[in-house]
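Asker: Have a peek at query25.cif (mmCIF, C-alpha atoms).
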```
data_data
loop_
_atom_site.group_PDB
_atom_site.id
_atom_site.type_symbol
_atom_site.label_atom_id
_atom_site.label_comp_id
_atom_site.auth_asym_id
_atom_site.auth_seq_id
_atom_site.Cartn_x
_atom_site.Cartn_y
_atom_site.Cartn_z
ATOM 1 C CA MET X 1 189.193 -86.157 88.489
ATOM 2 C CA THR X 2 189.969 -84.027 91.505
ATOM 3 C CA SER X 3 191.209 -80.986 89.564
ATOM 4 C CA GLY X 4 189.147 -77.846 89.949
ATOM 5 C CA ILE X 5 188.035 -78.598 93.529
ATOM 6 C CA ASP X 6 186.301 -75.572 95.034
ATOM 7 C CA ARG X 7 188.114 -73.693 97.764
ATOM 8 C CA ILE X 8 186.215 -71.760 100.432
ATOM 9 C CA SER X 9 187.764 -68.882 102.331
ATOM 10 C CA TRP X 10 188.793 -69.759 105.861
ATOM 11 C CA ASP X 11 187.376 -66.443 107.115
ATOM 12 C CA ILE X 12 183.733 -67.443 106.758
ATOM 13 C CA ASN X 13 181.375 -66.568 109.587
ATOM 14 C CA HIS X 14 177.907 -67.014 108.090
ATOM 15 C CA ALA X 15 177.557 -70.237 106.135
ATOM 16 C CA SER X 16 175.513 -73.435 105.971
ATOM 17 C CA GLY X 17 176.941 -76.628 107.366
ATOM 18 C CA TYR X 18 175.770 -79.819 105.692
ATOM 19 C CA LEU X 19 176.095 -83.584 105.981
ATOM 20 C CA LEU X 20 176.086 -86.051 103.075
ATOM 21 C CA CYS X 21 175.315 -89.693 103.851
ATOM 22 C CA PHE X 22 176.812 -92.103 101.304
ATOM 23 C CA ASP X 23 174.558 -94.777 99.837
ATOM 24 C CA VAL X 24 177.224 -97.399 100.568
ATOM 25 C CA PRO X 25 180.555 -97.044 102.395
ATOM 26 C CA PHE X 26 183.490 -95.789 100.344
ATOM 27 C CA GLY X 27 186.877 -97.417 100.830
ATOM 28 C CA PRO X 28 188.134 -100.680 102.373
ATOM 29 C CA VAL X 29 185.602 -102.809 104.199
ATOM 30 C CA ASP X 30 187.770 -102.968 107.324
ATOM 31 C CA PRO X 31 186.220 -101.136 110.303
ATOM 32 C CA GLY X 32 187.472 -97.583 110.583
ATOM 33 C CA CYS X 33 188.982 -97.614 107.096
ATOM 34 C CA HIS X 34 186.014 -96.431 105.065
ATOM 35 C CA ALA X 35 183.940 -93.265 104.794
ATOM 36 C CA ASP X 36 180.189 -93.210 105.352
ATOM 37 C CA HIS X 37 179.622 -89.447 105.412
ATOM 38 C CA TYR X 38 181.001 -86.139 104.339
ATOM 39 C CA ASP X 39 180.349 -82.929 106.251
ATOM 40 C CA GLY X 40 181.311 -79.507 105.022
ATOM 41 C CA ILE X 41 180.478 -75.821 105.000
ATOM 42 C CA ALA X 42 179.208 -73.636 102.172
ATOM 43 C CA ASP X 43 178.333 -69.998 101.687
ATOM 44 C CA VAL X 44 175.760 -70.947 99.021
ATOM 45 C CA LEU X 45 174.497 -74.453 99.779
ATOM 46 C CA ARG X 46 172.747 -75.288 96.522
ATOM 47 C CA ARG X 47 175.760 -74.292 94.461
ATOM 48 C CA ARG X 48 178.041 -76.363 96.678
ATOM 49 C CA LEU X 49 175.829 -79.438 96.389
ATOM 50 C CA SER X 50 175.817 -79.048 92.610
ATOM 51 C CA ARG X 51 179.609 -78.916 92.612
ATOM 52 C CA HIS X 52 179.690 -82.129 94.625
ATOM 53 C CA GLU X 53 177.498 -83.786 91.996
ATOM 54 C CA GLN X 54 179.964 -82.652 89.344
ATOM 55 C CA GLY X 55 182.865 -84.148 91.285
ATOM 56 C CA LYS X 56 184.340 -80.730 92.126
ATOM 57 C CA GLY X 57 183.039 -80.095 95.630
ATOM 58 C CA ALA X 58 185.680 -82.009 97.608
ATOM 59 C CA LYS X 59 188.241 -84.732 97.011
ATOM 60 C CA LEU X 60 186.343 -87.332 99.038
ATOM 61 C CA THR X 61 183.075 -86.862 97.166
ATOM 62 C CA ALA X 62 184.967 -86.708 93.863
ATOM 63 C CA TYR X 63 186.537 -90.112 94.484
ATOM 64 C CA ALA X 64 183.245 -91.494 95.803
ATOM 65 C CA ARG X 65 181.458 -90.336 92.648
ATOM 66 C CA ARG X 66 184.177 -91.902 90.542
ATOM 67 C CA ALA X 67 183.628 -95.182 92.424
ATOM 68 C CA GLY X 68 179.924 -95.026 91.600
ATOM 69 C CA ILE X 69 178.702 -94.042 95.050
ATOM 70 C CA GLY X 70 175.852 -91.596 95.475
ATOM 71 C CA TRP X 71 174.749 -89.765 98.592
ATOM 72 C CA THR X 72 171.842 -88.046 100.293
ATOM 73 C CA LEU X 73 171.764 -84.696 102.051
ATOM 74 C CA THR X 74 170.579 -85.660 105.536
ATOM 75 C CA ARG X 75 171.354 -82.626 107.684
ATOM 76 C CA ILE X 76 171.858 -78.860 107.448
ATOM 77 C CA TRP X 77 173.193 -76.473 110.086
ATOM 78 C CA GLU X 78 172.182 -72.887 109.437
ATOM 79 C CA ASN X 79 174.487 -69.919 109.908
ATOM 80 C CA ILE X 80 177.632 -71.544 111.307
ATOM 81 C CA ASP X 81 181.270 -70.506 111.211
ATOM 82 C CA ARG X 82 184.600 -72.331 111.063
ATOM 83 C CA THR X 83 184.681 -72.887 114.815
ATOM 84 C CA GLU X 84 181.350 -74.700 114.753
ATOM 85 C CA GLU X 85 182.452 -76.622 111.646
ATOM 86 C CA ARG X 86 185.480 -77.949 113.540
ATOM 87 C CA ARG X 87 183.160 -79.124 116.316
ATOM 88 C CA LEU X 88 181.117 -81.066 113.756
ATOM 89 C CA LYS X 89 184.170 -82.615 112.122
ATOM 90 C CA ALA X 90 185.547 -83.664 115.526
ATOM 91 C CA ASN X 91 182.867 -86.400 115.620
ATOM 92 C CA CYS X 92 182.138 -89.147 113.135
ATOM 93 C CA GLY X 93 179.391 -88.450 110.629
ATOM 94 C CA MET X 94 177.055 -91.042 112.139
ATOM 95 C CA ALA X 95 176.972 -89.050 115.376
ATOM 96 C CA TRP X 96 175.191 -86.254 113.478
ATOM 97 C CA CYS X 97 173.332 -88.234 110.799
ATOM 98 C CA PRO X 98 169.613 -88.527 111.622
ATOM 99 C CA ARG X 99 169.071 -91.305 109.084
ATOM 100 C CA CYS X 100 171.869 -93.543 110.345
ATOM 101 C CA ARG X 101 170.945 -92.998 113.992
ATOM 102 C CA THR X 102 167.291 -93.749 113.312
ATOM 103 C CA GLU X 103 168.022 -96.820 111.200
ATOM 104 C CA LYS X 104 170.342 -98.174 113.873
ATOM 105 C CA VAL X 105 167.445 -98.198 116.347
ATOM 106 C CA MET X 106 165.058 -99.615 113.759
ATOM 107 C CA ALA X 107 167.395 -102.488 112.890
ATOM 108 C CA LYS X 108 168.030 -103.249 116.559
ATOM 109 C CA ARG X 109 164.320 -103.513 117.321
ATOM 110 C CA ASP X 110 163.500 -105.440 114.152
ATOM 111 C CA PRO X 111 166.412 -107.323 112.491
ATOM 112 C CA ALA X 112 164.259 -107.793 109.383
ATOM 113 C CA TYR X 113 164.624 -104.096 108.625
ATOM 114 C CA GLY X 114 168.402 -104.287 108.808
ATOM 115 C CA GLN X 115 168.386 -107.326 106.530
ATOM 116 C CA ALA X 116 166.184 -105.518 103.990
ATOM 117 C CA ILE X 117 168.517 -102.508 103.895
ATOM 118 C CA ALA X 118 171.579 -104.754 103.625
ATOM 119 C CA ALA X 119 170.002 -106.585 100.674
ATOM 120 C CA ALA X 120 169.133 -103.269 98.998
ATOM 121 C CA LYS X 121 172.711 -102.043 99.401
ATOM 122 C CA ALA X 122 174.054 -105.298 97.972
ATOM 123 C CA GLN X 123 171.811 -104.811 94.936
ATOM 124 C CA TYR X 124 173.079 -101.230 94.684
ATOM 125 C CA GLN X 125 176.689 -102.397 94.574
ATOM 126 C CA ALA X 126 175.841 -105.060 91.994
ATOM 127 C CA THR X 127 174.184 -102.471 89.727
ATOM 128 C CA VAL X 128 177.110 -100.084 90.039
ATOM 129 C CA GLY X 129 179.572 -102.924 89.440
ATOM 130 C CA THR X 130 177.820 -103.881 86.216
ATOM 131 C CA ALA X 131 177.866 -100.256 85.097
ATOM 132 C CA ARG X 132 181.560 -100.039 85.927
ATOM 133 C CA ALA X 133 182.299 -103.022 83.712
ATOM 134 C CA ALA X 134 180.276 -101.450 80.903
ATOM 135 C CA TRP X 135 182.149 -98.167 81.379
ATOM 136 C CA GLU X 136 185.488 -99.914 80.843
ATOM 137 C CA GLN X 137 184.225 -101.403 77.576
ATOM 138 C CA ALA X 138 182.540 -98.232 76.307
ATOM 139 C CA ALA X 139 183.554 -96.798 72.947
ATOM 140 C CA SER X 140 184.570 -93.493 74.509
ATOM 141 C CA ARG X 141 185.232 -92.141 77.951
ATOM 142 C CA SER X 142 182.362 -89.647 77.755
ATOM 143 C CA ALA X 143 179.908 -92.363 76.728
ATOM 144 C CA GLY X 144 181.088 -94.581 79.561
ATOM 145 C CA THR X 145 180.752 -91.705 82.051
ATOM 146 C CA ARG X 146 177.186 -91.012 80.954
ATOM 147 C CA LEU X 147 176.350 -94.701 81.281
ATOM 148 C CA SER X 148 177.901 -94.833 84.762
ATOM 149 C CA ASN X 149 176.074 -91.695 85.923
ATOM 150 C CA ARG X 150 172.730 -93.077 84.783
ATOM 151 C CA ALA X 151 173.422 -96.365 86.559
ATOM 152 C CA VAL X 152 174.340 -94.575 89.811
ATOM 153 C CA ALA X 153 171.195 -92.438 89.632
ATOM 154 C CA THR X 154 169.049 -95.516 89.008
ATOM 155 C CA ALA X 155 170.693 -97.478 91.818
ATOM 156 C CA HIS X 156 170.229 -94.521 94.173
ATOM 157 C CA GLU X 157 166.515 -94.296 93.387
ATOM 158 C CA GLU X 158 166.052 -98.045 93.811
ATOM 159 C CA LEU X 159 167.839 -97.970 97.163
ATOM 160 C CA GLN X 160 165.683 -95.101 98.396
ATOM 161 C CA ALA X 161 162.527 -96.883 97.193
ATOM 162 C CA ALA X 162 163.566 -100.051 99.055
ATOM 163 C CA ARG X 163 164.348 -98.007 102.170
ATOM 164 C CA HIS X 164 160.966 -96.270 101.967
ATOM 165 C CA GLU X 165 159.104 -99.583 101.622
ATOM 166 C CA ALA X 166 160.996 -101.215 104.488
ATOM 167 C CA ALA X 167 160.511 -98.162 106.707
ATOM 168 C CA GLN X 168 156.771 -98.071 105.997
ATOM 169 C CA ALA X 169 156.493 -101.716 107.051
ATOM 170 C CA TRP X 170 158.537 -101.024 110.190
ATOM 171 C CA ILE X 171 156.397 -98.037 111.170
ATOM 172 C CA SER X 172 153.218 -100.076 110.660
ATOM 173 C CA ALA X 173 154.597 -102.750 112.981
ATOM 174 C CA HIS X 174 155.800 -100.175 115.565
ATOM 175 C CA PRO X 175 153.180 -97.402 115.679
ATOM 176 C CA ARG X 176 154.504 -96.111 119.026
ATOM 177 C CA SER X 177 158.193 -96.279 118.271
ATOM 178 C CA GLY X 178 159.226 -93.209 120.244
ATOM 179 C CA LEU X 179 161.502 -92.104 117.380
ATOM 180 C CA THR X 180 161.468 -88.490 116.267
ATOM 181 C CA ARG X 181 159.301 -87.487 113.343
ATOM 182 C CA ALA X 182 162.270 -85.725 111.775
ATOM 183 C CA GLY X 183 164.405 -88.870 111.883
ATOM 184 C CA LEU X 184 161.643 -91.007 110.393
ATOM 185 C CA ALA X 185 161.033 -88.420 107.665
ATOM 186 C CA CYS X 186 164.722 -88.516 106.800
ATOM 187 C CA VAL X 187 164.558 -92.313 106.432
ATOM 188 C CA LEU X 188 161.245 -92.386 104.570
ATOM 189 C CA ASP X 189 161.594 -89.486 102.156
ATOM 190 C CA ALA X 190 165.228 -88.350 102.459
ATOM 191 C CA THR X 191 164.066 -85.086 104.049
ATOM 192 C CA PRO X 192 167.121 -83.360 105.547
ATOM 193 C CA VAL X 193 166.997 -82.219 109.148
ATOM 194 C CA VAL X 194 167.738 -78.524 109.558
ATOM 195 C CA THR X 195 169.229 -77.128 112.744
ATOM 196 C CA PRO X 196 168.707 -73.355 113.078
ATOM 197 C CA PRO X 197 171.587 -71.154 114.209
ATOM 198 C CA MET X 198 172.928 -71.438 117.725
ATOM 199 C CA ARG X 199 173.082 -67.651 117.784
ATOM 200 C CA ALA X 200 169.324 -67.395 117.228
ATOM 201 C CA ARG X 201 168.572 -69.999 119.885
ATOM 202 C CA ARG X 202 170.847 -68.225 122.343
ATOM 203 C CA ALA X 203 169.052 -64.953 121.618
ATOM 204 C CA VAL X 204 165.676 -66.565 122.371
ATOM 205 C CA LEU X 205 166.930 -68.051 125.631
ATOM 206 C CA ASP X 206 168.305 -64.650 126.653
ATOM 207 C CA ALA X 207 164.979 -63.025 125.774
ATOM 208 C CA GLN X 208 163.095 -65.591 127.851
ATOM 209 C CA ALA X 209 165.348 -64.968 130.839
ATOM 210 C CA ALA X 210 164.956 -61.197 130.486
ATOM 211 C CA ALA X 211 161.177 -61.515 130.206
ATOM 212 C CA THR X 212 161.098 -63.641 133.338
ATOM 213 C CA ALA X 213 163.114 -61.051 135.228
ATOM 214 C CA ARG X 214 160.805 -58.240 134.047
ATOM 215 C CA ALA X 215 157.619 -60.167 134.855
ATOM 216 C CA TRP X 216 158.647 -61.305 138.332
ATOM 217 C CA PRO X 217 161.518 -59.159 139.586
ATOM 218 C CA ASP X 218 161.268 -60.652 143.064
ATOM 219 C CA GLY X 219 162.236 -64.046 141.644
ATOM 220 C CA PHE X 220 159.041 -65.825 142.717
ATOM 221 C CA LEU X 221 156.934 -67.347 139.959
ATOM 222 C CA PRO X 222 153.142 -67.820 140.148
ATOM 223 C CA ASP X 223 151.745 -71.318 140.509
ATOM 224 C CA GLY X 224 151.959 -73.322 137.304
ATOM 225 C CA ALA X 225 154.450 -71.004 135.580
ATOM 226 C CA GLU X 226 157.834 -72.254 134.377
ATOM 227 C CA ARG X 227 160.979 -70.241 134.714
ATOM 228 C CA GLY X 228 162.128 -68.916 131.347
ATOM 229 C CA THR X 229 158.695 -69.311 129.725
ATOM 230 C CA PRO X 230 156.363 -66.848 131.543
ATOM 231 C CA ASP X 231 152.783 -66.283 130.463
ATOM 232 C CA SER X 232 153.758 -62.798 129.317
ATOM 233 C CA LEU X 233 155.649 -64.334 126.378
ATOM 234 C CA THR X 234 152.474 -65.779 124.894
ATOM 235 C CA ASP X 235 149.645 -63.631 126.331
ATOM 236 C CA PRO X 236 148.780 -60.883 123.782
ATOM 237 C CA ASP X 237 146.790 -58.964 126.432
ATOM 238 C CA ASP X 238 149.727 -58.724 128.793
ATOM 239 C CA PRO X 239 151.520 -55.369 128.298
ATOM 240 C CA ARG X 240 154.766 -56.944 129.450
ATOM 241 C CA SER X 241 154.838 -59.381 126.513
ATOM 242 C CA GLY X 242 156.967 -58.868 123.448
ATOM 243 C CA PRO X 243 157.807 -60.812 120.297
ATOM 244 C CA LEU X 244 160.641 -63.278 120.488
ATOM 245 C CA PRO X 245 163.454 -62.862 117.949
ATOM 246 C CA ALA X 246 162.931 -65.181 114.992
ATOM 247 C CA PRO X 247 165.724 -67.528 113.894
ATOM 248 C CA GLY X 248 167.894 -65.960 111.225
ATOM 249 C CA ASN X 249 168.269 -67.586 107.829
ATOM 250 C CA ASP X 250 170.980 -67.091 105.246
ATOM 251 C CA GLU X 251 168.871 -68.859 102.617
ATOM 252 C CA PRO X 252 165.101 -69.244 102.193
ATOM 253 C CA ARG X 253 164.039 -72.371 104.050
ATOM 254 C CA GLY X 254 161.531 -73.184 101.310
ATOM 255 C CA LEU X 255 164.323 -74.160 98.924
ATOM 256 C CA ILE X 256 164.765 -77.539 100.626
ATOM 257 C CA PRO X 257 162.118 -79.515 102.555
ATOM 258 C CA VAL X 258 163.288 -79.581 106.144
ATOM 259 C CA ALA X 259 162.470 -80.792 109.630
ATOM 260 C CA THR X 260 164.137 -80.384 113.023
ATOM 261 C CA VAL X 261 165.145 -82.909 115.635
ATOM 262 C CA PRO X 262 163.471 -82.446 119.040
ATOM 263 C CA GLY X 263 165.943 -82.941 121.851
ATOM 264 C CA ASP X 264 168.958 -82.238 119.653
ATOM 265 C CA PRO X 265 171.343 -79.908 121.535
ATOM 266 C CA TRP X 266 171.778 -77.949 118.301
ATOM 267 C CA ALA X 267 168.109 -77.944 117.333
ATOM 268 C CA TRP X 268 165.388 -75.329 117.549
ATOM 269 C CA PRO X 269 162.438 -76.228 119.794
ATOM 270 C CA GLU X 270 159.895 -78.556 118.116
ATOM 271 C CA THR X 271 159.351 -76.920 114.714
ATOM 272 C CA GLU X 272 158.921 -78.163 111.197
ATOM 273 C CA ALA X 273 159.216 -76.208 107.990
ATOM 274 C CA GLY X 274 158.531 -77.223 104.450
#
```
What does the file become when written as structure tokens?
Answerer:
Amino acid sequence: MTSGIDRISWDINHASGYLLCFDVPFGPVDPGCHADHYDGIADVLRRRLSRHEQGKGAKLTAYARRAGIGWTLTRIWENIDRTEERRLKANCGMAWCPRCRTEKVMAKRDPAYGQAIAAAKAQYQATVGTARAAWEQAASRSAGTRLSNRAVATAHEELQAARHEAAQAWISAHPRSGLTRAGLACVLDATPVVTPPMRARRAVLDAQAAATARAWPDGFLPDGAERGTPDSLTDPDDPRSGPLPAPGNDEPRGLIPVATVPGDPWAWPETEAG
């Protein structure tokens, strides 16, 4: 099952980091003994995700697929390297997962939401268990695999539909929740959150600082102006203004519907792309 796993060169400096959130935990039920997420790095994200679906992207996802567990792409980091990947892997997946973090708050404020998701996951496991039993009794291995794959896809869609319905009810009951739009979109519609490159954000911050120094070399800012964001950055009539560098992209952002997390230390300032 795990033969043919893709290998990615260690010397990779411009790639997409990604996070997969499993529909249900994989492994023993004991705390700390199961996997909820998988995070990785890919030079071509869509191809890598397809390989995961085929059971050839990584050993963990291969075994999870074999156990009848599906997943959702919940987060993308644009243009990262191996050093940044190690930083991501140093923390548990939930620390980076916008869906899990949002649902944790939702369940804490309204236990009914947590109960609805728990019931949906129990139904998911029951559906997959039935398919597993049918797979063992199938006339051929290929027929059993097709049956299992269809059952996993159906269970995944039913779980997402139940999550969407429960989240809609929660949002109606908490119109001023204070949660980020990106996190809620990830829960409602499985829209992954995309974090633009740290290099691009650093370039913008440097440009803001340089513009501030050019606009007010004496270091004193006019009333109402904020350091790092002078009027000259946004005033087209000001000759001192100049365009900010745009965030770089290795892949067209239109390929996957995305949103960003305001306040995230790795996120671009309040922006959404679709």
Asker: Which polymer residues have any atom within 8 Å of an atom of Thr61 of chain X, counting all atoms listed in the file, with same-chain residues fewer than 5 positions away left out, as an MDAnalysis selection string?
Answerer: chainID X and resid 38 52 55
Asker: Need to verify the contact set: segment 107-122 of chain X, 9 Å, only C-alpha atoms, exclusion of same-chain residues closer than 4 positions in sequence. Can you return it as a list in words?
Answerer: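 Final neighbour list, sorted by chain and number: Asp23, Val24, Thr102, Glu103, Ala126, Thr127, Glu158, Leu159, Gln160, Ala162, Arg163, Ala166, Ala167, Ala169 and Trp170 of chain X.
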Asker: Record the distance separating atom CA of Pro175 of chain X and atom CA of Arg101 of chain X, expressed in Å with one decimal.
Answerer: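 Atom-to-atom, atom CA of Pro175 of chain X and atom CA of Arg101 of chain X are spaced 18.4 Å apart.
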Asker: Selection in question (the file shown): the PyMOL selection byres ((chain X and resi 39-42) around 6). Which residues does it include, as an mmCIF file with C-alpha atoms, in the coordinates of the input?
Answerer:
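Generated output (out.cif):
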```cif
data_model
loop_
_atom_site.group_PDB
_atom_site.id
_atom_site.type_symbol
_atom_site.label_atom_id
_atom_site.label_comp_id
_atom_site.auth_asym_id
_atom_site.auth_seq_id
_atom_site.Cartn_x
_atom_site.Cartn_y
_atom_site.Cartn_z
ATOM 1 C CA ALA X 15 177.557 -70.237 106.135
ATOM 2 C CA SER X 16 175.513 -73.435 105.971
ATOM 3 C CA GLY X 17 176.941 -76.628 107.366
ATOM 4 C CA TYR X 18 175.770 -79.819 105.692
ATOM 5 C CA LEU X 19 176.095 -83.584 105.981
ATOM 6 C CA TYR X 38 181.001 -86.139 104.339
ATOM 7 C CA ASP X 43 178.333 -69.998 101.687
ATOM 8 C CA VAL X 44 175.760 -70.947 99.021
ATOM 9 C CA LEU X 45 174.497 -74.453 99.779
#
```
Asker: Quick one: residues within 12 Å of Phe26 of chain X, all atoms listed in the file, excluding same-chain residues fewer than 4 positions away - as a list in words?
Answerer: Cys21, Phe22, Asp30, Pro31, Gly32, Cys33, His34, Ala35, Asp36, His37, Tyr38, Leu60, Thr61, Ala62, Tyr63, Ala64, Arg65, Arg66, Ala67, Gly68, Ile69, Gly70, Trp71 and Gln125 of chain X
Asker: Excluding segment 91-100 of chain X and residues on its chain fewer than 3 positions from it, collect all residues at most 7 Å away from it, counting only C-alpha atoms, and give them as a PyMOL selection string.
Answerer: chain X and resi 37-38+74-75+88+103-104+183+186-187
Asker: When distances are computed from only C-alpha atoms, which of X:Leu179, X:Ala190, X:Ala90, X:Ala139 shows the smallest separation from Val105 of chain X?
Answerer: X:Leu179
Asker: Mind pulling up the distance from atom CA of His164 of chain X to atom CA of Thr180 of chain X?
Answerer: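 Rounded to one decimal, the two atoms are 16.3 Å apart.
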